[in-house]
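Enquirer: Sharing structure.txt here; it has compact mmCIF, C-alpha atoms and all ligand atoms.
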```
# COMPACT_ATOMS: atom_id res chain seq x y z
CA MET A 295 -44.30 14.42 70.19
CA THR A 296 -45.14 13.14 66.71
CA THR A 297 -48.19 14.77 65.07
CA ILE A 298 -50.46 12.44 63.10
CA LEU A 299 -51.92 13.99 59.95
CA THR A 300 -54.54 12.14 57.95
CA THR A 301 -55.96 14.71 55.55
CA ILE A 302 -54.25 16.79 52.88
CA ALA A 303 -55.71 19.97 54.38
CA GLU A 304 -54.28 19.11 57.82
CA ALA A 305 -50.89 18.34 56.32
CA ARG A 306 -50.76 21.62 54.38
CA GLU A 307 -51.77 23.56 57.50
CA ALA A 308 -49.26 21.74 59.75
CA LEU A 309 -46.40 22.40 57.33
CA VAL A 310 -46.87 26.18 57.04
CA ASP A 311 -44.89 27.09 60.16
CA PRO A 312 -42.03 24.58 59.79
CA ARG A 313 -41.53 25.71 56.19
CA SER A 314 -41.35 29.37 57.17
CA THR A 315 -38.74 28.75 59.87
CA GLY A 316 -36.56 25.97 58.42
CA THR A 317 -36.17 23.09 56.02
CA THR A 318 -38.47 20.12 55.65
CA ALA A 319 -37.66 16.50 54.77
CA LEU A 320 -40.06 13.83 53.57
CA VAL A 321 -39.49 10.08 53.94
CA PRO A 322 -42.14 8.26 51.88
CA THR A 323 -42.97 4.73 53.11
CA MET A 324 -45.69 2.12 52.94
CA GLY A 325 -45.43 1.41 56.68
CA ALA A 326 -44.59 -1.96 58.27
CA LEU A 327 -41.50 -0.10 59.34
CA HIS A 328 -38.15 -1.66 60.23
CA GLU A 329 -34.61 -0.53 60.94
CA GLY A 330 -34.04 0.23 57.22
CA HIS A 331 -36.78 2.86 57.29
CA LEU A 332 -35.37 4.32 60.52
CA SER A 333 -31.97 4.73 58.83
CA LEU A 334 -33.76 6.94 56.26
CA VAL A 335 -35.32 8.97 59.08
CA ARG A 336 -31.92 9.48 60.72
CA LEU A 337 -30.51 10.72 57.42
CA ALA A 338 -33.53 13.02 57.01
CA LYS A 339 -32.84 14.55 60.42
CA GLU A 340 -29.27 15.35 59.33
CA HIS A 341 -30.58 17.22 56.29
CA ALA A 342 -33.64 19.11 57.56
CA ASP A 343 -35.15 20.78 60.61
CA PHE A 344 -38.59 19.15 60.29
CA VAL A 345 -39.09 15.53 59.30
CA VAL A 346 -42.33 14.11 57.89
CA VAL A 347 -42.76 10.37 57.28
CA SER A 348 -45.63 9.36 55.04
CA ILE A 349 -47.27 5.98 55.54
CA PHE A 350 -49.45 4.99 52.62
CA VAL A 351 -49.91 1.62 50.95
CA ASN A 352 -50.38 2.98 47.46
CA PRO A 353 -52.85 0.92 45.41
CA THR A 354 -51.75 2.27 42.02
CA GLN A 355 -48.31 0.70 42.32
CA PHE A 356 -49.65 -2.82 42.90
CA GLY A 357 -50.66 -4.96 39.93
CA PRO A 358 -53.59 -7.38 39.81
CA GLY A 359 -52.73 -10.48 41.85
CA GLU A 360 -50.00 -8.70 43.83
CA ASP A 361 -50.02 -8.33 47.62
CA PHE A 362 -51.91 -5.01 48.08
CA ASP A 363 -54.60 -6.60 50.26
CA ARG A 364 -52.24 -8.61 52.42
CA TYR A 365 -49.42 -6.03 52.59
CA PRO A 366 -48.59 -5.73 56.34
CA ARG A 367 -50.29 -2.78 58.04
CA THR A 368 -48.85 -2.10 61.50
CA PHE A 369 -49.78 1.54 62.04
CA ASP A 370 -49.59 1.74 65.86
CA ALA A 371 -46.20 0.03 66.00
CA ASP A 372 -44.98 2.26 63.14
CA VAL A 373 -45.97 5.44 64.99
CA ALA A 374 -44.27 4.20 68.19
CA LEU A 375 -41.04 3.57 66.24
CA LEU A 376 -41.21 6.99 64.58
CA GLU A 377 -41.84 8.67 67.95
CA SER A 378 -38.77 6.91 69.33
CA VAL A 379 -36.52 8.46 66.66
CA GLY A 380 -38.06 11.92 66.98
CA VAL A 381 -40.08 12.23 63.76
CA ASP A 382 -42.06 15.50 63.78
CA ALA A 383 -45.09 14.41 61.77
CA VAL A 384 -46.61 11.32 60.18
CA PHE A 385 -48.80 11.78 57.12
CA ALA A 386 -51.08 8.73 56.86
CA PRO A 387 -53.99 9.43 54.51
CA ALA A 388 -56.72 6.96 53.53
CA VAL A 389 -56.88 5.77 49.91
CA ASP A 390 -59.97 7.97 49.28
CA GLU A 391 -58.08 11.03 50.50
CA MET A 392 -55.30 10.49 47.96
CA TYR A 393 -57.51 9.20 45.12
CA PRO A 394 -60.89 10.92 45.61
CA HIS A 395 -61.91 10.32 41.98
CA GLY A 396 -60.81 6.67 41.93
CA LEU A 397 -57.55 5.11 40.81
CA ASP A 398 -58.08 5.81 37.11
CA GLN A 399 -56.71 9.35 37.19
CA THR A 400 -53.82 11.46 35.85
CA LEU A 401 -50.58 9.46 36.19
CA VAL A 402 -46.89 10.26 35.98
CA THR A 403 -45.31 8.09 33.26
CA GLY A 404 -41.75 7.08 34.07
CA ASP A 405 -38.79 7.48 31.73
CA PRO A 406 -37.92 4.46 29.51
CA ALA A 407 -36.04 2.76 32.36
CA SER A 408 -39.42 2.33 34.08
CA ARG A 409 -40.37 -0.36 31.58
CA ILE A 410 -37.44 -2.76 32.05
CA LEU A 411 -36.45 -5.08 34.94
CA GLU A 412 -38.91 -4.35 37.81
CA GLY A 413 -41.06 -2.41 35.35
CA ALA A 414 -41.23 -5.36 32.93
CA HIS A 415 -42.18 -7.80 35.70
CA ARG A 416 -44.61 -5.38 37.36
CA PRO A 417 -46.27 -3.43 34.51
CA GLY A 418 -47.51 -0.03 35.70
CA HIS A 419 -45.70 -0.31 39.03
CA PHE A 420 -43.39 2.64 38.51
CA ASP A 421 -46.10 4.89 37.05
CA GLY A 422 -48.06 4.29 40.26
CA ALA A 423 -45.01 4.84 42.47
CA LEU A 424 -43.97 8.04 40.67
CA THR A 425 -47.54 9.35 40.75
CA ILE A 426 -47.79 8.96 44.53
CA VAL A 427 -44.33 10.47 45.06
CA HIS A 428 -45.32 13.45 42.91
CA LYS A 429 -48.58 13.85 44.86
CA LEU A 430 -46.72 13.68 48.19
CA PHE A 431 -44.22 16.27 46.96
CA SER A 432 -47.11 18.55 45.96
CA ILE A 433 -48.74 18.20 49.38
CA ILE A 434 -45.70 18.35 51.68
CA GLU A 435 -43.45 20.52 49.44
CA PRO A 436 -40.33 19.08 51.05
CA ASP A 437 -36.88 20.62 50.54
CA VAL A 438 -35.39 17.12 50.58
CA ALA A 439 -36.78 13.61 50.28
CA ILE A 440 -34.98 10.43 51.28
CA PHE A 441 -35.17 7.21 49.24
CA GLY A 442 -33.42 3.90 49.88
CA GLU A 443 -30.89 2.37 47.51
CA LYS A 444 -32.70 -0.91 48.28
CA ASP A 445 -35.18 0.16 45.56
CA ALA A 446 -32.45 1.26 43.16
CA GLN A 447 -34.62 1.47 40.04
CA GLN A 448 -37.24 3.51 41.90
CA LEU A 449 -34.53 5.87 43.18
CA PHE A 450 -33.18 6.29 39.64
CA LEU A 451 -36.68 7.01 38.28
CA VAL A 452 -37.57 9.47 41.08
CA ARG A 453 -34.38 11.39 40.30
CA ALA A 454 -35.29 11.36 36.59
CA MET A 455 -38.80 12.62 37.41
CA VAL A 456 -37.46 15.47 39.56
CA ASP A 457 -35.09 16.45 36.77
CA ASP A 458 -37.57 16.04 33.90
CA LEU A 459 -40.49 17.76 35.65
CA ASN A 460 -38.39 20.51 37.28
CA LEU A 461 -39.44 19.65 40.82
CA ARG A 462 -37.74 21.60 43.59
CA THR A 463 -37.17 18.73 46.05
CA ALA A 464 -33.59 17.45 46.40
CA ILE A 465 -33.33 13.65 46.44
CA ILE A 466 -31.00 12.00 48.94
CA ALA A 467 -30.12 8.30 48.75
CA ALA A 468 -29.75 6.09 51.81
CA PRO A 469 -27.56 2.95 51.64
CA ILE A 470 -29.17 -0.51 51.88
CA ASN A 471 -29.71 -1.54 55.49
CA ARG A 472 -29.12 -5.30 55.97
CA GLU A 473 -29.56 -7.89 58.69
CA ASP A 474 -26.26 -9.19 60.16
CA ASP A 475 -26.39 -12.20 57.81
CA GLY A 476 -26.71 -10.03 54.70
CA LEU A 477 -30.47 -10.18 54.03
CA ALA A 478 -31.68 -6.74 52.92
CA ARG A 479 -34.34 -5.52 55.37
CA SER A 480 -37.81 -5.42 53.80
CA SER A 481 -41.37 -5.22 55.04
CA ARG A 482 -42.00 -8.33 52.95
CA ASN A 483 -39.41 -10.36 54.96
CA ARG A 484 -42.17 -10.95 57.50
CA TYR A 485 -43.90 -13.18 54.93
CA LEU A 486 -40.90 -15.58 54.97
CA SER A 487 -41.07 -18.93 56.78
CA ASP A 488 -37.87 -20.03 58.55
CA ALA A 489 -37.01 -22.21 55.57
CA ASP A 490 -37.71 -19.35 53.13
CA ARG A 491 -35.58 -17.00 55.18
CA SER A 492 -32.55 -19.31 54.91
CA LEU A 493 -33.09 -19.58 51.15
CA ALA A 494 -33.41 -15.80 50.89
CA LEU A 495 -29.78 -15.44 52.01
CA ARG A 496 -28.81 -16.64 48.54
CA LEU A 497 -29.88 -13.26 47.11
CA SER A 498 -27.21 -11.21 48.86
CA ALA A 499 -24.77 -14.13 48.53
CA ALA A 500 -25.27 -14.08 44.73
CA LEU A 501 -24.42 -10.38 44.62
CA ARG A 502 -21.29 -10.84 46.73
CA ALA A 503 -20.19 -13.83 44.62
CA ALA A 504 -20.56 -11.84 41.38
CA ASP A 505 -18.44 -8.95 42.69
CA GLY A 506 -14.94 -9.03 41.20
CA ALA A 507 -15.94 -11.24 38.22
CA LYS A 508 -13.86 -10.71 35.10
CA ASP A 509 -16.61 -8.95 33.15
CA ALA A 510 -20.38 -8.42 33.09
CA ASP A 511 -21.16 -11.73 31.35
CA ALA A 512 -19.16 -13.64 33.96
CA ALA A 513 -20.91 -11.75 36.78
CA ARG A 514 -24.35 -12.50 35.29
CA ALA A 515 -23.46 -16.21 34.98
CA ILE A 516 -22.24 -16.40 38.61
CA GLY A 517 -25.26 -14.52 39.97
CA ARG A 518 -27.81 -16.52 37.99
CA ALA A 519 -26.17 -19.85 38.92
CA HIS A 520 -26.56 -18.95 42.63
CA LEU A 521 -30.26 -18.27 42.19
CA ASP A 522 -31.29 -21.17 40.01
CA GLY A 523 -33.94 -23.55 41.43
CA ASP A 524 -34.34 -25.17 44.88
CA GLY A 525 -37.33 -23.07 45.94
CA ILE A 526 -36.10 -19.84 44.34
CA VAL A 527 -37.62 -18.55 41.10
CA LEU A 528 -35.39 -15.89 39.59
CA ASP A 529 -37.15 -13.06 37.75
CA TYR A 530 -33.90 -11.36 36.72
CA PHE A 531 -30.27 -10.90 37.67
CA GLU A 532 -28.96 -8.06 35.51
CA LEU A 533 -26.05 -5.64 35.42
CA VAL A 534 -26.87 -2.03 34.62
CA ASP A 535 -25.01 1.23 34.19
CA PRO A 536 -25.95 3.23 37.32
CA ALA A 537 -26.05 6.43 35.23
CA THR A 538 -28.70 5.16 32.78
CA PHE A 539 -30.11 2.00 34.39
CA LEU A 540 -29.66 0.27 31.02
CA PRO A 541 -27.97 -3.18 30.87
CA VAL A 542 -24.22 -3.06 30.23
CA ASP A 543 -22.50 -5.07 27.47
CA GLY A 544 -21.18 -8.52 28.29
CA THR A 545 -17.56 -7.39 28.03
CA HIS A 546 -18.10 -4.43 30.38
CA THR A 547 -15.52 -4.03 33.16
CA GLY A 548 -15.23 -1.46 35.95
CA GLN A 549 -18.31 -0.55 37.94
CA ALA A 550 -21.82 -1.86 37.31
CA LEU A 551 -24.91 -2.13 39.46
CA ALA A 552 -26.16 -5.70 39.87
CA VAL A 553 -29.93 -5.79 40.39
CA LEU A 554 -32.07 -8.86 41.01
CA ALA A 555 -35.59 -9.97 41.82
CA ALA A 556 -36.53 -13.47 42.89
CA ARG A 557 -39.45 -15.30 44.42
CA VAL A 558 -38.62 -17.24 47.56
CA GLY A 559 -41.64 -19.44 48.24
CA THR A 560 -44.51 -17.02 47.63
CA THR A 561 -42.53 -13.89 48.57
CA ARG A 562 -40.98 -11.71 45.90
CA LEU A 563 -37.78 -9.98 47.03
CA ILE A 564 -35.37 -7.54 45.37
CA ASP A 565 -31.75 -6.66 46.11
CA ASN A 566 -28.81 -4.93 44.46
CA GLN A 567 -25.14 -4.14 44.90
CA LEU A 568 -22.56 -2.02 43.09
CA LEU A 569 -19.96 -4.41 41.63
CA THR A 570 -16.40 -3.85 40.48
CA LEU A 571 -15.57 -6.06 37.51
CA GLY A 572 -12.32 -7.10 35.91
CA LEU A 573 -9.86 -5.48 38.26
CA ALA A 574 -8.87 -8.63 40.15
CA ASN A 575 -7.52 -10.29 36.99
P1 LIG A 601 -41.20 0.78 51.48
O1 LIG A 601 -42.06 1.24 52.60
O2 LIG A 601 -40.64 -0.59 51.73
O3 LIG A 601 -41.79 0.99 50.15
O4 LIG A 601 -39.90 1.69 51.53
C1 LIG A 601 -39.93 3.05 51.82
C2 LIG A 601 -38.53 3.58 51.61
O5 LIG A 601 -37.62 2.88 52.46
C3 LIG A 601 -38.01 3.41 50.18
O6 LIG A 601 -37.26 4.56 49.81
C4 LIG A 601 -37.14 2.19 50.29
O7 LIG A 601 -36.11 2.15 49.33
C5 LIG A 601 -36.56 2.38 51.68
N1 LIG A 601 -36.10 1.11 52.23
C6 LIG A 601 -36.84 -0.01 52.47
N2 LIG A 601 -36.05 -0.99 52.95
C7 LIG A 601 -34.79 -0.49 53.01
C8 LIG A 601 -33.52 -1.01 53.41
N3 LIG A 601 -33.37 -2.26 53.83
N4 LIG A 601 -32.44 -0.20 53.34
C9 LIG A 601 -32.57 1.08 52.89
N5 LIG A 601 -33.74 1.63 52.49
C10 LIG A 601 -34.82 0.86 52.55
```
How does the structure come out when it is put into structure tokens?
Ligand code: AMP
Expert:
Amino acid sequence: MTTILTTIAEAREALVDPRSTGTTALVPTMGALHEGHLSLVRLAKEHADFVVVSIFVNPTQFGPGEDFDRYPRTFDADVALLESVGVDAVFAPAVDEMYPHGLDQTLVTGDPASRILEGAHRPGHFDGALTIVHKLFSIIEPDVAIFGEKDAQQLFLVRAMVDDLNLRTAIIAAPINREDDGLARSSRNRYLSDADRSLALRLSAALRAADGAKDADAARAIGRAHLDGDGIVLDYFELVDPATFLPVDGTHTGQALAVLAARVGTTRLIDNQLLTLGLAN
């Protein structure tokens, strides 16, 4: 039986016993759940005795003109899915519960990597995301929290926040969960028309094509060429050092993380893949 918690007081009360008898995992989500989220839950169950999934569409991580209002909200279906995989508790607060004094409040400012790539295209996004993660950590006090590699820059910044602010929660990364044809699962995929969905396959195809390129410049050129025009607007295709999230030099070989964001029709999607460069030649 999955317990539904909607207030901070209820959540704190419900977590007292599980914390005294075992370990607790948190899986933060914005709902509209799919198999990718369930893979995080399964990983959480391997790492803790009590698993809490939060469902909260966080207004502070959406910019003006972004999809906060139309973001899919499918609460009943989400709870049924979470029941089916044995989640112990769902924490689903209202916006007023999390931001009782309004959205203009104390924020967590991300490290410098929060201002490039996704952060440059979505100003303030990571400060909002880190703020809500910090608030959830303060409420749930989880021993571990699971984040998807799908949002690689967010994962990097959450780890930096935990390290910089001496938080006690251990961060565990879950691999990207994809459809059979390579499309990374995302709540936003439900915005895609059939035609958009076919076009969206070019994102993962671009990453695969860039793998094994002779160096970072060659990989960037291959990736960008795949995502140029024909209904796709590329925000960025960049290669970063996974240890710093900063772009690598053009002559870089060995491993690099390729990260991209593109608009397919009106839907903005992100994807990434660890590449190995230069070794094939
Ligand atoms: P969201 O609700 O989409 O903001 O995502 C909640 C968590 O699920 C984040 O840690 C995401 O990185 C993770 N996630 C979303 N989609 C996937 C996926 N396809 N594979 C792995 N993790 C994912």
Enquirer: Return as a PyMOL selection string the residues of protein, DNA or RNA that approach ligand LIG 601 (chain A) to within 9 Å, with only C-alpha atoms and all ligand atoms taken into account.
Expert: chain A and resi 321-334+349-351+440-446+448-449+467-473+477-482
Enquirer: Just checking: using all atoms listed in the file, which residue out of A:Leu540, A:Val379, A:Ser487, A:Thr315 ends up closest to Arg409 (chain A)?
Expert: A:Leu540
Enquirer: Contacts of Leu424 (chain A) at 8 Å or less, counting only C-alpha atoms, minus same-chain residues fewer than 2 places along, as a list of chain:residue names?
Expert: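 In the requested format, the answer is A:Val402, A:Thr403, A:Gly404, A:Phe420, A:Asp421, A:Gly422, A:Ile426, A:Val427, A:His428, A:Leu451, A:Val452, A:Met455.
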Enquirer: Since we have the selection now, will you write its residues out, keeping C-alpha atoms, as a PDB file, in the frame of the given file?
Expert:
```pdb
ATOM      1  CA  VAL A 402     -46.890  10.260  35.980  1.00  0.00           C
ATOM      2  CA  THR A 403     -45.310   8.090  33.260  1.00  0.00           C
ATOM      3  CA  GLY A 404     -41.750   7.080  34.070  1.00  0.00           C
ATOM      4  CA  PHE A 420     -43.390   2.640  38.510  1.00  0.00           C
ATOM      5  CA  ASP A 421     -46.100   4.890  37.050  1.00  0.00           C
ATOM      6  CA  GLY A 422     -48.060   4.290  40.260  1.00  0.00           C
ATOM      7  CA  ILE A 426     -47.790   8.960  44.530  1.00  0.00           C
ATOM      8  CA  VAL A 427     -44.330  10.470  45.060  1.00  0.00           C
ATOM      9  CA  HIS A 428     -45.320  13.450  42.910  1.00  0.00           C
ATOM     10  CA  LEU A 451     -36.680   7.010  38.280  1.00  0.00           C
ATOM     11  CA  VAL A 452     -37.570   9.470  41.080  1.00  0.00           C
ATOM     12  CA  MET A 455     -38.800  12.620  37.410  1.00  0.00           C
TER      13      MET A 455
END
```
Enquirer: Residues near Phe344 (chain A), anyone? I mean within 9 Å using all atoms listed in the file, not counting same-chain ones fewer than 5 positions away, as an NGL selection string.
Expert: :A and (309 or 312-313 or 316-320 or 338-339 or 381-383)
Enquirer: Would you list the residues near (-16.6, -8.3, 35.0), meaning any protein, DNA or RNA residue with an atom at most 10 Å from that point in file coordinates, counting only C-alpha atoms, as a PyMOL selection string?
Expert: chain A and resi 504-514+533+544-550+569-575
Enquirer: If I take CA of Val346 (chain A) and CA of Val384 (chain A), how far is one from the other in Å, to one decimal?
Expert: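 Answer for the CA of Val346 (chain A) to CA of Val384 (chain A) separation: 5.6 Å.
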Enquirer: Quick check, in Å to one decimal: how far apart do CA of Asp370 (chain A) and CA of Arg484 (chain A) lie?
Expert: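 Going from CA of Asp370 (chain A) over to CA of Arg484 (chain A) covers 16.9 Å.
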Enquirer: Have a look at A:Pro387, A:Arg364, A:Pro358, A:Leu337 and name the one nearest to Glu304 (chain A); count all atoms listed in the file.
Expert: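 Closest residue, counting all atoms listed in the file: A:Pro387.
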Enquirer: May I ask you to restore all heavy atoms in region 349-360 of chain A and write the result as a PDB file, in the frame of the given file?
Expert:
```pdb
ATOM      1  N   ILE A 349     -46.943   7.409  55.499  1.00  0.00           N
ATOM      2  CA  ILE A 349     -47.270   5.980  55.540  1.00  0.00           C
ATOM      3  C   ILE A 349     -48.506   5.806  54.676  1.00  0.00           C
ATOM      4  O   ILE A 349     -49.590   6.284  55.028  1.00  0.00           O
ATOM      5  CB  ILE A 349     -47.565   5.504  56.983  1.00  0.00           C
ATOM      6  CG1 ILE A 349     -46.322   5.672  57.864  1.00  0.00           C
ATOM      7  CG2 ILE A 349     -48.044   4.047  56.964  1.00  0.00           C
ATOM      8  CD1 ILE A 349     -46.522   5.230  59.319  1.00  0.00           C
ATOM      9  N   PHE A 350     -48.324   5.151  53.534  1.00  0.00           N
ATOM     10  CA  PHE A 350     -49.450   4.990  52.620  1.00  0.00           C
ATOM     11  C   PHE A 350     -49.184   3.791  51.726  1.00  0.00           C
ATOM     12  O   PHE A 350     -48.201   3.775  50.977  1.00  0.00           O
ATOM     13  CB  PHE A 350     -49.624   6.260  51.758  1.00  0.00           C
ATOM     14  CG  PHE A 350     -50.806   6.214  50.834  1.00  0.00           C
ATOM     15  CD1 PHE A 350     -52.100   6.181  51.340  1.00  0.00           C
ATOM     16  CD2 PHE A 350     -50.629   6.186  49.452  1.00  0.00           C
ATOM     17  CE1 PHE A 350     -53.204   6.115  50.496  1.00  0.00           C
ATOM     18  CE2 PHE A 350     -51.727   6.134  48.593  1.00  0.00           C
ATOM     19  CZ  PHE A 350     -53.016   6.097  49.119  1.00  0.00           C
ATOM     20  N   VAL A 351     -50.029   2.780  51.847  1.00  0.00           N
ATOM     21  CA  VAL A 351     -49.910   1.620  50.950  1.00  0.00           C
ATOM     22  C   VAL A 351     -50.646   2.016  49.680  1.00  0.00           C
ATOM     23  O   VAL A 351     -51.880   2.097  49.662  1.00  0.00           O
ATOM     24  CB  VAL A 351     -50.499   0.344  51.598  1.00  0.00           C
ATOM     25  CG1 VAL A 351     -50.254  -0.858  50.693  1.00  0.00           C
ATOM     26  CG2 VAL A 351     -49.875   0.100  52.973  1.00  0.00           C
ATOM     27  N   ASN A 352     -49.856   2.304  48.657  1.00  0.00           N
ATOM     28  CA  ASN A 352     -50.380   2.980  47.460  1.00  0.00           C
ATOM     29  C   ASN A 352     -50.953   1.983  46.452  1.00  0.00           C
ATOM     30  O   ASN A 352     -50.189   1.249  45.810  1.00  0.00           O
ATOM     31  CB  ASN A 352     -49.222   3.768  46.830  1.00  0.00           C
ATOM     32  CG  ASN A 352     -49.619   4.363  45.498  1.00  0.00           C
ATOM     33  OD1 ASN A 352     -50.760   4.799  45.327  1.00  0.00           O
ATOM     34  ND2 ASN A 352     -48.683   4.378  44.558  1.00  0.00           N
ATOM     35  N   PRO A 353     -52.271   1.969  46.279  1.00  0.00           N
ATOM     36  CA  PRO A 353     -52.850   0.920  45.410  1.00  0.00           C
ATOM     37  C   PRO A 353     -52.399   0.995  43.966  1.00  0.00           C
ATOM     38  O   PRO A 353     -52.344  -0.040  43.293  1.00  0.00           O
ATOM     39  CB  PRO A 353     -54.365   1.168  45.533  1.00  0.00           C
ATOM     40  CG  PRO A 353     -54.528   2.559  46.040  1.00  0.00           C
ATOM     41  CD  PRO A 353     -53.296   2.855  46.864  1.00  0.00           C
ATOM     42  N   THR A 354     -52.063   2.181  43.458  1.00  0.00           N
ATOM     43  CA  THR A 354     -51.750   2.270  42.020  1.00  0.00           C
ATOM     44  C   THR A 354     -50.392   1.664  41.663  1.00  0.00           C
ATOM     45  O   THR A 354     -50.082   1.512  40.486  1.00  0.00           O
ATOM     46  CB  THR A 354     -51.818   3.728  41.500  1.00  0.00           C
ATOM     47  OG1 THR A 354     -50.845   4.518  42.191  1.00  0.00           O
ATOM     48  CG2 THR A 354     -53.195   4.332  41.690  1.00  0.00           C
ATOM     49  N   GLN A 355     -49.578   1.321  42.668  1.00  0.00           N
ATOM     50  CA  GLN A 355     -48.310   0.700  42.320  1.00  0.00           C
ATOM     51  C   GLN A 355     -48.323  -0.821  42.480  1.00  0.00           C
ATOM     52  O   GLN A 355     -47.294  -1.465  42.305  1.00  0.00           O
ATOM     53  CB  GLN A 355     -47.154   1.320  43.114  1.00  0.00           C
ATOM     54  CG  GLN A 355     -47.117   0.988  44.589  1.00  0.00           C
ATOM     55  CD  GLN A 355     -46.088   1.846  45.315  1.00  0.00           C
ATOM     56  OE1 GLN A 355     -46.246   3.049  45.477  1.00  0.00           O
ATOM     57  NE2 GLN A 355     -44.997   1.220  45.722  1.00  0.00           N
ATOM     58  N   PHE A 356     -49.502  -1.364  42.813  1.00  0.00           N
ATOM     59  CA  PHE A 356     -49.650  -2.820  42.900  1.00  0.00           C
ATOM     60  C   PHE A 356     -50.419  -3.296  41.667  1.00  0.00           C
ATOM     61  O   PHE A 356     -51.431  -2.688  41.297  1.00  0.00           O
ATOM     62  CB  PHE A 356     -50.457  -3.212  44.140  1.00  0.00           C
ATOM     63  CG  PHE A 356     -49.702  -3.049  45.445  1.00  0.00           C
ATOM     64  CD1 PHE A 356     -49.561  -1.799  46.020  1.00  0.00           C
ATOM     65  CD2 PHE A 356     -49.140  -4.152  46.078  1.00  0.00           C
ATOM     66  CE1 PHE A 356     -48.876  -1.637  47.218  1.00  0.00           C
ATOM     67  CE2 PHE A 356     -48.452  -3.999  47.285  1.00  0.00           C
ATOM     68  CZ  PHE A 356     -48.319  -2.738  47.857  1.00  0.00           C
ATOM     69  N   GLY A 357     -49.946  -4.386  41.063  1.00  0.00           N
ATOM     70  CA  GLY A 357     -50.660  -4.960  39.930  1.00  0.00           C
ATOM     71  C   GLY A 357     -51.729  -5.935  40.404  1.00  0.00           C
ATOM     72  O   GLY A 357     -51.771  -6.309  41.577  1.00  0.00           O
ATOM     73  N   PRO A 358     -52.602  -6.370  39.459  1.00  0.00           N
ATOM     74  CA  PRO A 358     -53.590  -7.380  39.810  1.00  0.00           C
ATOM     75  C   PRO A 358     -52.868  -8.647  40.283  1.00  0.00           C
ATOM     76  O   PRO A 358     -51.859  -9.032  39.714  1.00  0.00           O
ATOM     77  CB  PRO A 358     -54.319  -7.661  38.479  1.00  0.00           C
ATOM     78  CG  PRO A 358     -53.865  -6.604  37.525  1.00  0.00           C
ATOM     79  CD  PRO A 358     -52.609  -5.992  38.045  1.00  0.00           C
ATOM     80  N   GLY A 359     -53.365  -9.254  41.363  1.00  0.00           N
ATOM     81  CA  GLY A 359     -52.730 -10.480  41.850  1.00  0.00           C
ATOM     82  C   GLY A 359     -51.516 -10.237  42.735  1.00  0.00           C
ATOM     83  O   GLY A 359     -50.938 -11.187  43.262  1.00  0.00           O
ATOM     84  N   GLU A 360     -51.098  -8.975  42.897  1.00  0.00           N
ATOM     85  CA  GLU A 360     -50.000  -8.700  43.830  1.00  0.00           C
ATOM     86  C   GLU A 360     -50.550  -8.583  45.258  1.00  0.00           C
ATOM     87  O   GLU A 360     -51.727  -8.826  45.508  1.00  0.00           O
ATOM     88  CB  GLU A 360     -49.243  -7.440  43.386  1.00  0.00           C
ATOM     89  CG  GLU A 360     -48.450  -7.672  42.098  1.00  0.00           C
ATOM     90  CD  GLU A 360     -47.541  -6.508  41.719  1.00  0.00           C
ATOM     91  OE1 GLU A 360     -47.537  -5.460  42.408  1.00  0.00           O
ATOM     92  OE2 GLU A 360     -46.842  -6.645  40.709  1.00  0.00           O
TER      93      GLU A 360
END
```
